[in-house]
Amino acid sequence: MDAQIRQLSAADFDEAMEVLNLAFFADGSKDFKQWIPKLYRPTDELMSCHYAAMCEGRIRAIVGVFPLALNIDDTQLRIAGIGGVCTHPDYQERGLMRELMPHCVNAARSEGYHLSWLGGQRQRYGYFGYEVCGTAIQFTLSRSNLRHTAGATATPGFDFEVIEESDCDRLGQVFELHNAQTMHAQRSESDLYPLLTSWNSRLYAALAGDDMVGYVVIGEQSMLCELVGEDADTELAIARAWVEGDGDLAQITLRMGPLDSALQRFADISENTTLTRSGNWQMFDWERVVATLLKTRLAHSPIMEGIVSVSIEGYGVLEIEVNDNEADCHLVSGTAAIECDSLLAHRLLFGPLKPSEVIELPAAARLLDAWCPLPLYWPTQDRV
């Protein structure tokens, strides 16, 4: 079906909300304005992130392309976040998304984004170059786990206080704690509150006396979507205080990235540990992404030296190298140790399975098991 594709503006806000709510919440159970206030407000800046397929002058399909960034140590990766992908119920099965999604992917690529993220059904977005990969770790922590842990009788003296939008000092401390992490999403301090309270989430300060030592973001079903403390021991103590402070709470689920400083603490005592993918990803600049994540991996733990070349269909041959405590990745000519299409390359290098569990590795590529999966992660509250 032929459609005109254009970017939206603040003037299109009400019509866009109508289409989004019809597509996702026809029963009226939720409203995008309240559910995700960080993204859906009637401003030209936010609405220009939306591309629409127009039929007879009306919005009939929408794709949001949001400018995001992942900060890792001193490096930044620019991410095109894809969200709000929908078609008006009366115009489904007419091919509108087959026109709109490629348009948005090409726009993101041409605007210099290094990679793109979205959430959604794997095969649906595989047609447009996305693959499920990356790594997220989920822990479950119960009172029983804590009761049988060394030092469990010393209940940490933390109180939890709801942080409101008017609590500028508390929000400033949240911003500083978040930005002190090795890997974190780029956030605007002015938009921090709507971001952390989107998806029906609640934001709390963890207080030791009058001092704020961390914060938690609580989502649905007792999920700790985000837990950040001054250090790893403090993060574990905050989680323990949260579990022990709620008489009706049997256990919590906590989601973390692969570079979180408290991973080992939670792995020591949690009931279950689940390794899962961190989203649907598409690389535009393979060299930049692989080099950045490999350097980060090397900076946080020693890894074996060597060179592996990987041919990615439609992109070229990547030469990945670790040598003399340096890591790099660049395009080269010639043959490669292993050949794969783009979707397979995503899973090969970014997991969550190790490469030899994704594909049989030839001898010249077995070193990948020592390097990968590379630590590709996207925080829960920053999804779009």
# chains A, B, ... in the order shown; residues from 1 in each chain; ligands from 1
call {"tool": "residues_around", "arguments": {"residues": "segment 313-317 of chain A", "least_positions_apart": "3", "cutoff": "7 Å", "atoms": "only C-alpha atoms", "output": "number ranges by chain"}}
result
A: 309-310, 331-333, 336, 340-342
call {"tool": "write_last_selection", "arguments": {"atoms": "all heavy atoms", "output": "PDB file, in the first residue's frame"}}
result
ATOM      1  N   SER A 309      39.513 -13.291  12.617  1.00  0.00           N
ATOM      2  CA  SER A 309      38.819 -12.549  11.556  1.00  0.00           C
ATOM      3  C   SER A 309      37.446 -13.165  11.317  1.00  0.00           C
ATOM      4  O   SER A 309      37.294 -14.384  11.249  1.00  0.00           O
ATOM      5  CB  SER A 309      39.631 -12.556  10.264  1.00  0.00           C
ATOM      6  OG  SER A 309      39.914 -13.885   9.862  1.00  0.00           O
ATOM      7  N   VAL A 310      36.440 -12.300  11.218  1.00  0.00           N
ATOM      8  CA  VAL A 310      35.049 -12.721  11.038  1.00  0.00           C
ATOM      9  C   VAL A 310      34.469 -11.991   9.835  1.00  0.00           C
ATOM     10  O   VAL A 310      34.481 -10.756   9.775  1.00  0.00           O
ATOM     11  CB  VAL A 310      34.204 -12.397  12.288  1.00  0.00           C
ATOM     12  CG1 VAL A 310      32.750 -12.815  12.065  1.00  0.00           C
ATOM     13  CG2 VAL A 310      34.782 -13.073  13.531  1.00  0.00           C
ATOM     14  N   LEU A 331      38.181  -3.192   9.733  1.00  0.00           N
ATOM     15  CA  LEU A 331      37.896  -3.889   8.486  1.00  0.00           C
ATOM     16  C   LEU A 331      39.183  -4.195   7.741  1.00  0.00           C
ATOM     17  O   LEU A 331      40.089  -3.357   7.675  1.00  0.00           O
ATOM     18  CB  LEU A 331      36.994  -3.039   7.593  1.00  0.00           C
ATOM     19  CG  LEU A 331      35.486  -3.129   7.815  1.00  0.00           C
ATOM     20  CD1 LEU A 331      34.778  -2.061   6.996  1.00  0.00           C
ATOM     21  CD2 LEU A 331      34.946  -4.506   7.464  1.00  0.00           C
ATOM     22  N   VAL A 332      39.264  -5.405   7.173  1.00  0.00           N
ATOM     23  CA  VAL A 332      40.422  -5.799   6.385  1.00  0.00           C
ATOM     24  C   VAL A 332      39.928  -6.480   5.105  1.00  0.00           C
ATOM     25  O   VAL A 332      38.764  -6.834   4.975  1.00  0.00           O
ATOM     26  CB  VAL A 332      41.345  -6.754   7.171  1.00  0.00           C
ATOM     27  CG1 VAL A 332      41.903  -6.072   8.403  1.00  0.00           C
ATOM     28  CG2 VAL A 332      40.604  -8.041   7.532  1.00  0.00           C
ATOM     29  N   SER A 333      40.832  -6.671   4.180  1.00  0.00           N
ATOM     30  CA  SER A 333      40.514  -7.433   2.971  1.00  0.00           C
ATOM     31  C   SER A 333      40.978  -8.870   3.156  1.00  0.00           C
ATOM     32  O   SER A 333      41.734  -9.186   4.073  1.00  0.00           O
ATOM     33  CB  SER A 333      41.191  -6.794   1.758  1.00  0.00           C
ATOM     34  OG  SER A 333      42.599  -6.745   1.956  1.00  0.00           O
ATOM     35  N   ALA A 336      38.421 -14.887   5.829  1.00  0.00           N
ATOM     36  CA  ALA A 336      38.215 -14.842   7.274  1.00  0.00           C
ATOM     37  C   ALA A 336      38.217 -16.246   7.858  1.00  0.00           C
ATOM     38  O   ALA A 336      38.015 -17.236   7.145  1.00  0.00           O
ATOM     39  CB  ALA A 336      36.899 -14.147   7.592  1.00  0.00           C
ATOM     40  N   CYS A 340      29.685 -15.570   8.354  1.00  0.00           N
ATOM     41  CA  CYS A 340      28.309 -15.647   8.840  1.00  0.00           C
ATOM     42  C   CYS A 340      27.492 -14.480   8.298  1.00  0.00           C
ATOM     43  O   CYS A 340      28.054 -13.477   7.853  1.00  0.00           O
ATOM     44  CB  CYS A 340      28.269 -15.651  10.372  1.00  0.00           C
ATOM     45  SG  CYS A 340      29.231 -14.361  11.167  1.00  0.00           S
ATOM     46  N   ASP A 341      26.175 -14.636   8.347  1.00  0.00           N
ATOM     47  CA  ASP A 341      25.322 -13.514   7.973  1.00  0.00           C
ATOM     48  C   ASP A 341      25.216 -12.566   9.163  1.00  0.00           C
ATOM     49  O   ASP A 341      25.725 -12.840  10.260  1.00  0.00           O
ATOM     50  CB  ASP A 341      23.952 -13.992   7.488  1.00  0.00           C
ATOM     51  CG  ASP A 341      23.165 -14.762   8.547  1.00  0.00           C
ATOM     52  OD1 ASP A 341      23.358 -14.503   9.754  1.00  0.00           O
ATOM     53  OD2 ASP A 341      22.346 -15.622   8.166  1.00  0.00           O
ATOM     54  N   SER A 342      24.542 -11.459   8.968  1.00  0.00           N
ATOM     55  CA  SER A 342      24.499 -10.432  10.002  1.00  0.00           C
ATOM     56  C   SER A 342      23.801 -10.913  11.275  1.00  0.00           C
ATOM     57  O   SER A 342      24.265 -10.642  12.388  1.00  0.00           O
ATOM     58  CB  SER A 342      23.790  -9.184   9.467  1.00  0.00           C
ATOM     59  OG  SER A 342      23.674  -8.199  10.456  1.00  0.00           O
TER      60      SER A 342
END
call {"tool": "residues_around", "arguments": {"residues": "Cys49 of chain A", "least_positions_apart": "4", "cutoff": "9 Å", "atoms": "only C-alpha atoms", "output": "NGL selection string"}}
result
:A and (7-9 or 44-45 or 63-67)
call {"tool": "write_last_selection", "arguments": {"atoms": "C-alpha atoms", "output": "mmCIF file, in the first residue's frame"}}
result
data_model
loop_
_atom_site.group_PDB
_atom_site.id
_atom_site.type_symbol
_atom_site.label_atom_id
_atom_site.label_comp_id
_atom_site.auth_asym_id
_atom_site.auth_seq_id
_atom_site.Cartn_x
_atom_site.Cartn_y
_atom_site.Cartn_z
ATOM 1 C CA GLN A 7 8.091 13.059 10.723
ATOM 2 C CA LEU A 8 5.516 14.207 13.240
ATOM 3 C CA SER A 9 5.370 17.402 15.288
ATOM 4 C CA ASP A 44 8.208 19.220 18.770
ATOM 5 C CA GLU A 45 11.436 17.677 20.088
ATOM 6 C CA VAL A 63 7.609 4.083 14.377
ATOM 7 C CA GLY A 64 9.528 6.039 17.004
ATOM 8 C CA VAL A 65 13.293 6.545 16.480
ATOM 9 C CA PHE A 66 14.700 7.973 19.710
ATOM 10 C CA PRO A 67 18.264 9.299 20.136
#
call {"tool": "select_by_dssp", "arguments": {"residues": "segment 44-239 of chain A", "states": "strand (DSSP E)", "output": "ChimeraX atom specification"}}
result
/A:50-55,58-72,75-87,115-118,131-133,136-142,159-162,183-185,202-208,211-218,223-229
call {"tool": "residues_around", "arguments": {"residues": "Gln121 of chain A", "least_positions_apart": "6", "cutoff": "12 Å", "atoms": "only C-alpha atoms", "output": "list of chain:residue names"}}
result
A:Val85, A:Tyr127, A:Tyr130, A:Glu131, A:Val132, A:Gly279, A:Asn280
call {"tool": "write_last_selection", "arguments": {"atoms": "N, CA and C atoms", "output": "PDB file, in the first residue's frame"}}
result
ATOM      1  N   VAL A  85       6.148   0.973  17.876  1.00  0.00           N
ATOM      2  CA  VAL A  85       5.908   0.468  16.521  1.00  0.00           C
ATOM      3  C   VAL A  85       4.477  -0.067  16.441  1.00  0.00           C
ATOM      4  N   TYR A 127      13.235  -9.518  10.120  1.00  0.00           N
ATOM      5  CA  TYR A 127      13.078  -9.122   8.721  1.00  0.00           C
ATOM      6  C   TYR A 127      13.726  -7.775   8.427  1.00  0.00           C
ATOM      7  N   TYR A 130      17.232  -6.926  12.767  1.00  0.00           N
ATOM      8  CA  TYR A 130      17.441  -7.000  14.208  1.00  0.00           C
ATOM      9  C   TYR A 130      17.544  -8.460  14.663  1.00  0.00           C
ATOM     10  N   GLU A 131      18.358  -8.686  15.698  1.00  0.00           N
ATOM     11  CA  GLU A 131      18.496 -10.022  16.272  1.00  0.00           C
ATOM     12  C   GLU A 131      18.562  -9.907  17.798  1.00  0.00           C
ATOM     13  N   VAL A 132      17.988 -10.891  18.475  1.00  0.00           N
ATOM     14  CA  VAL A 132      18.064 -10.915  19.936  1.00  0.00           C
ATOM     15  C   VAL A 132      19.492 -11.298  20.339  1.00  0.00           C
ATOM     16  N   GLY A 279      18.033  -7.460  24.522  1.00  0.00           N
ATOM     17  CA  GLY A 279      17.136  -6.790  23.592  1.00  0.00           C
ATOM     18  C   GLY A 279      17.316  -7.275  22.176  1.00  0.00           C
ATOM     19  N   ASN A 280      16.649  -6.613  21.261  1.00  0.00           N
ATOM     20  CA  ASN A 280      16.844  -6.834  19.825  1.00  0.00           C
ATOM     21  C   ASN A 280      17.797  -5.749  19.340  1.00  0.00           C
TER      22      ASN A 280
END
call {"tool": "residues_around", "arguments": {"residues": "Pro352 of chain A", "least_positions_apart": "2", "cutoff": "12 Å", "atoms": "only C-alpha atoms", "output": "ChimeraX atom specification"}}
result
/A:131-137,257-258,274-280,346-350,354-358,369,372-377
call {"tool": "write_last_selection", "arguments": {"atoms": "N, CA and C atoms", "output": "mmCIF file, in the first residue's frame"}}
result
data_model
loop_
_atom_site.group_PDB
_atom_site.id
_atom_site.type_symbol
_atom_site.label_atom_id
_atom_site.label_comp_id
_atom_site.auth_asym_id
_atom_site.auth_seq_id
_atom_site.Cartn_x
_atom_site.Cartn_y
_atom_site.Cartn_z
ATOM 1 N N GLU A 131 18.358 -8.686 15.698
ATOM 2 C CA GLU A 131 18.496 -10.022 16.272
ATOM 3 C C GLU A 131 18.562 -9.907 17.798
ATOM 4 N N VAL A 132 17.988 -10.891 18.475
ATOM 5 C CA VAL A 132 18.064 -10.915 19.936
ATOM 6 C C VAL A 132 19.492 -11.298 20.339
ATOM 7 N N CYS A 133 20.096 -10.483 21.178
ATOM 8 C CA CYS A 133 21.460 -10.753 21.636
ATOM 9 C C CYS A 133 21.764 -9.833 22.802
ATOM 10 N N GLY A 134 23.042 -9.722 23.154
ATOM 11 C CA GLY A 134 23.414 -8.970 24.342
ATOM 12 C C GLY A 134 23.186 -9.812 25.584
ATOM 13 N N THR A 135 23.528 -9.257 26.743
ATOM 14 C CA THR A 135 23.446 -10.010 27.986
ATOM 15 C C THR A 135 22.806 -9.180 29.091
ATOM 16 N N ALA A 136 21.836 -9.774 29.780
ATOM 17 C CA ALA A 136 21.287 -9.247 31.022
ATOM 18 C C ALA A 136 21.252 -10.388 32.023
ATOM 19 N N ILE A 137 21.451 -10.073 33.290
ATOM 20 C CA ILE A 137 21.446 -11.084 34.339
ATOM 21 C C ILE A 137 20.342 -10.773 35.313
ATOM 22 N N GLY A 257 23.284 -5.473 34.471
ATOM 23 C CA GLY A 257 24.124 -5.630 33.300
ATOM 24 C C GLY A 257 25.385 -6.393 33.630
ATOM 25 N N PRO A 258 26.107 -6.860 32.622
ATOM 26 C CA PRO A 258 27.276 -7.713 32.836
ATOM 27 C C PRO A 258 28.469 -7.007 33.464
ATOM 28 N N THR A 274 19.571 -16.023 36.195
ATOM 29 C CA THR A 274 19.122 -16.257 34.829
ATOM 30 C C THR A 274 19.876 -15.340 33.875
ATOM 31 N N LEU A 275 20.488 -15.952 32.879
ATOM 32 C CA LEU A 275 21.183 -15.208 31.838
ATOM 33 C C LEU A 275 20.238 -15.078 30.644
ATOM 34 N N THR A 276 20.004 -13.857 30.202
ATOM 35 C CA THR A 276 19.074 -13.654 29.101
ATOM 36 C C THR A 276 19.602 -12.577 28.164
ATOM 37 N N ARG A 277 18.949 -12.392 27.041
ATOM 38 C CA ARG A 277 19.390 -11.365 26.087
ATOM 39 C C ARG A 277 18.961 -9.999 26.593
ATOM 40 N N SER A 278 19.626 -8.953 26.126
ATOM 41 C CA SER A 278 19.317 -7.603 26.590
ATOM 42 C C SER A 278 18.449 -6.831 25.608
ATOM 43 N N GLY A 279 18.033 -7.460 24.522
ATOM 44 C CA GLY A 279 17.136 -6.790 23.592
ATOM 45 C C GLY A 279 17.316 -7.275 22.176
ATOM 46 N N ASN A 280 16.649 -6.613 21.261
ATOM 47 C CA ASN A 280 16.844 -6.834 19.825
ATOM 48 C C ASN A 280 17.797 -5.749 19.340
ATOM 49 N N HIS A 346 25.543 -11.239 15.138
ATOM 50 C CA HIS A 346 25.087 -10.618 16.383
ATOM 51 C C HIS A 346 25.161 -11.609 17.538
ATOM 52 N N ARG A 347 24.633 -12.804 17.335
ATOM 53 C CA ARG A 347 24.627 -13.800 18.412
ATOM 54 C C ARG A 347 26.032 -14.342 18.678
ATOM 55 N N LEU A 348 26.846 -14.442 17.631
ATOM 56 C CA LEU A 348 28.207 -14.957 17.770
ATOM 57 C C LEU A 348 29.040 -14.073 18.699
ATOM 58 N N LEU A 349 28.942 -12.761 18.523
ATOM 59 C CA LEU A 349 29.816 -11.842 19.250
ATOM 60 C C LEU A 349 29.195 -11.286 20.533
ATOM 61 N N PHE A 350 27.846 -11.214 20.577
ATOM 62 C CA PHE A 350 27.210 -10.527 21.699
ATOM 63 C C PHE A 350 26.361 -11.426 22.587
ATOM 64 N N LYS A 354 27.836 -18.347 24.657
ATOM 65 C CA LYS A 354 29.199 -18.177 24.162
ATOM 66 C C LYS A 354 29.261 -18.653 22.710
ATOM 67 N N PRO A 355 30.221 -18.179 21.921
ATOM 68 C CA PRO A 355 30.233 -18.444 20.472
ATOM 69 C C PRO A 355 30.145 -19.916 20.093
ATOM 70 N N SER A 356 30.851 -20.799 20.810
ATOM 71 C CA SER A 356 30.835 -22.215 20.449
ATOM 72 C C SER A 356 29.486 -22.868 20.688
ATOM 73 N N GLU A 357 28.598 -22.205 21.438
ATOM 74 C CA GLU A 357 27.231 -22.693 21.628
ATOM 75 C C GLU A 357 26.283 -22.123 20.578
ATOM 76 N N VAL A 358 26.778 -21.182 19.799
ATOM 77 C CA VAL A 358 25.988 -20.599 18.714
ATOM 78 C C VAL A 358 26.274 -21.300 17.398
ATOM 79 N N ASP A 369 35.696 -17.751 22.077
ATOM 80 C CA ASP A 369 35.105 -18.217 23.330
ATOM 81 C C ASP A 369 35.747 -17.564 24.550
ATOM 82 N N CYS A 372 34.113 -13.580 24.133
ATOM 83 C CA CYS A 372 32.693 -13.306 23.968
ATOM 84 C C CYS A 372 31.847 -14.214 24.858
ATOM 85 N N PRO A 373 30.622 -13.799 25.193
ATOM 86 C CA PRO A 373 29.923 -12.640 24.634
ATOM 87 C C PRO A 373 30.458 -11.309 25.156
ATOM 88 N N LEU A 374 30.532 -10.339 24.260
ATOM 89 C CA LEU A 374 30.923 -8.994 24.637
ATOM 90 C C LEU A 374 29.792 -8.354 25.457
ATOM 91 N N PRO A 375 30.135 -7.457 26.383
ATOM 92 C CA PRO A 375 29.157 -6.968 27.376
ATOM 93 C C PRO A 375 28.190 -5.909 26.839
ATOM 94 N N LEU A 376 27.270 -6.339 25.988
ATOM 95 C CA LEU A 376 26.277 -5.442 25.390
ATOM 96 C C LEU A 376 25.004 -5.487 26.228
ATOM 97 N N TYR A 377 24.610 -4.338 26.762
ATOM 98 C CA TYR A 377 23.474 -4.284 27.700
ATOM 99 C C TYR A 377 22.730 -2.977 27.518
#
call {"tool": "select_by_dssp", "arguments": {"residues": "segment 34-275 of chain A", "states": "helix (DSSP H, G or I)", "output": "PyMOL selection string"}}
result
chain A and resi 34-35+44-47+89-91+96-110+122-126+143-147+168-179+189-196+220-222+232-245+263-269
call {"tool": "closest_residue", "arguments": {"among": "A:Leu236, A:Leu367, A:Ala291, A:Ile359", "to": "Phe158 of chain A", "atoms": "only C-alpha atoms"}}
result
A:Leu236
call {"tool": "residues_around", "arguments": {"residues": "Ala241 of chain A", "least_positions_apart": "2", "cutoff": "8 Å", "atoms": "only C-alpha atoms", "output": "mmCIF file with all heavy atoms, in the first residue's frame"}}
result
data_model
loop_
_atom_site.group_PDB
_atom_site.id
_atom_site.type_symbol
_atom_site.label_atom_id
_atom_site.label_comp_id
_atom_site.auth_asym_id
_atom_site.auth_seq_id
_atom_site.Cartn_x
_atom_site.Cartn_y
_atom_site.Cartn_z
ATOM 1 N N THR A 155 20.947 -6.732 60.618
ATOM 2 C CA THR A 155 20.054 -6.088 59.667
ATOM 3 C C THR A 155 20.546 -4.682 59.356
ATOM 4 O O THR A 155 20.756 -3.885 60.263
ATOM 5 C CB THR A 155 18.623 -6.009 60.235
ATOM 6 O OG1 THR A 155 18.179 -7.323 60.546
ATOM 7 C CG2 THR A 155 17.683 -5.373 59.220
ATOM 8 N N PRO A 156 20.774 -4.370 58.085
ATOM 9 C CA PRO A 156 21.270 -3.040 57.737
ATOM 10 C C PRO A 156 20.255 -1.964 58.085
ATOM 11 O O PRO A 156 19.050 -2.145 57.898
ATOM 12 C CB PRO A 156 21.487 -3.130 56.219
ATOM 13 C CG PRO A 156 20.627 -4.262 55.768
ATOM 14 C CD PRO A 156 20.578 -5.231 56.905
ATOM 15 N N GLY A 157 20.736 -0.857 58.606
ATOM 16 C CA GLY A 157 19.849 0.208 59.052
ATOM 17 C C GLY A 157 19.488 1.176 57.953
ATOM 18 O O GLY A 157 19.880 2.357 58.028
ATOM 19 N N PHE A 158 18.764 0.726 56.943
ATOM 20 C CA PHE A 158 18.361 1.580 55.839
ATOM 21 C C PHE A 158 16.869 1.893 55.934
ATOM 22 O O PHE A 158 16.052 1.039 56.300
ATOM 23 C CB PHE A 158 18.629 0.908 54.487
ATOM 24 C CG PHE A 158 20.076 0.796 54.129
ATOM 25 C CD1 PHE A 158 20.591 -0.390 53.624
ATOM 26 C CD2 PHE A 158 20.943 1.869 54.289
ATOM 27 C CE1 PHE A 158 21.935 -0.503 53.295
ATOM 28 C CE2 PHE A 158 22.279 1.771 53.966
ATOM 29 C CZ PHE A 158 22.777 0.581 53.466
ATOM 30 N N ALA A 237 23.364 -4.722 50.468
ATOM 31 C CA ALA A 237 22.700 -4.361 51.714
ATOM 32 C C ALA A 237 21.370 -3.666 51.461
ATOM 33 O O ALA A 237 20.389 -3.874 52.189
ATOM 34 C CB ALA A 237 23.619 -3.472 52.550
ATOM 35 N N ILE A 238 21.302 -2.844 50.423
ATOM 36 C CA ILE A 238 20.044 -2.175 50.076
ATOM 37 C C ILE A 238 18.999 -3.203 49.650
ATOM 38 O O ILE A 238 17.836 -3.147 50.082
ATOM 39 C CB ILE A 238 20.278 -1.137 48.954
ATOM 40 C CG1 ILE A 238 21.081 0.053 49.477
ATOM 41 C CG2 ILE A 238 18.946 -0.659 48.373
ATOM 42 C CD1 ILE A 238 21.528 1.016 48.380
ATOM 43 N N ALA A 239 19.393 -4.147 48.808
ATOM 44 C CA ALA A 239 18.462 -5.188 48.364
ATOM 45 C C ALA A 239 17.957 -5.993 49.552
ATOM 46 O O ALA A 239 16.764 -6.305 49.657
ATOM 47 C CB ALA A 239 19.143 -6.105 47.352
ATOM 48 N N VAL A 243 14.000 -6.357 50.988
ATOM 49 C CA VAL A 243 13.297 -7.632 51.179
ATOM 50 C C VAL A 243 12.822 -7.764 52.617
ATOM 51 O O VAL A 243 11.668 -8.125 52.883
ATOM 52 C CB VAL A 243 14.210 -8.818 50.806
ATOM 53 C CG1 VAL A 243 13.538 -10.133 51.166
ATOM 54 C CG2 VAL A 243 14.554 -8.788 49.324
ATOM 55 N N GLU A 244 13.692 -7.466 53.558
ATOM 56 C CA GLU A 244 13.353 -7.668 54.965
ATOM 57 C C GLU A 244 12.400 -6.611 55.495
ATOM 58 O O GLU A 244 11.728 -6.820 56.503
ATOM 59 C CB GLU A 244 14.631 -7.678 55.800
ATOM 60 C CG GLU A 244 15.527 -8.876 55.500
ATOM 61 C CD GLU A 244 16.803 -8.890 56.317
ATOM 62 O OE1 GLU A 244 17.155 -7.821 56.863
ATOM 63 O OE2 GLU A 244 17.431 -9.956 56.412
ATOM 64 N N GLY A 245 12.300 -5.481 54.798
ATOM 65 C CA GLY A 245 11.451 -4.399 55.289
ATOM 66 C C GLY A 245 10.009 -4.488 54.860
ATOM 67 O O GLY A 245 9.165 -3.722 55.347
#
call {"tool": "atom_distance", "arguments": {"atom1": "atom CA of Ala69 of chain A", "atom2": "atom CA of Tyr113 of chain A"}}
result
9.2 Å
call {"tool": "closest_residue", "arguments": {"among": "A:Ser29, A:Ser144, A:Ser190, A:Gln138", "to": "Ser166 of chain A", "atoms": "only C-alpha atoms"}}
result
A:Ser190
call {"tool": "residues_around", "arguments": {"residues": "Glu56 of chain A", "least_positions_apart": "6", "cutoff": "12 Å", "atoms": "only C-alpha atoms", "output": "list in words"}}
result
Met1, Asp2, Ala3, Gln4 and Ile5 of chain A
call {"tool": "atom_distance", "arguments": {"atom1": "atom CA of Glu287 of chain A", "atom2": "atom CA of Arg124 of chain A"}}
result
26.3 Å
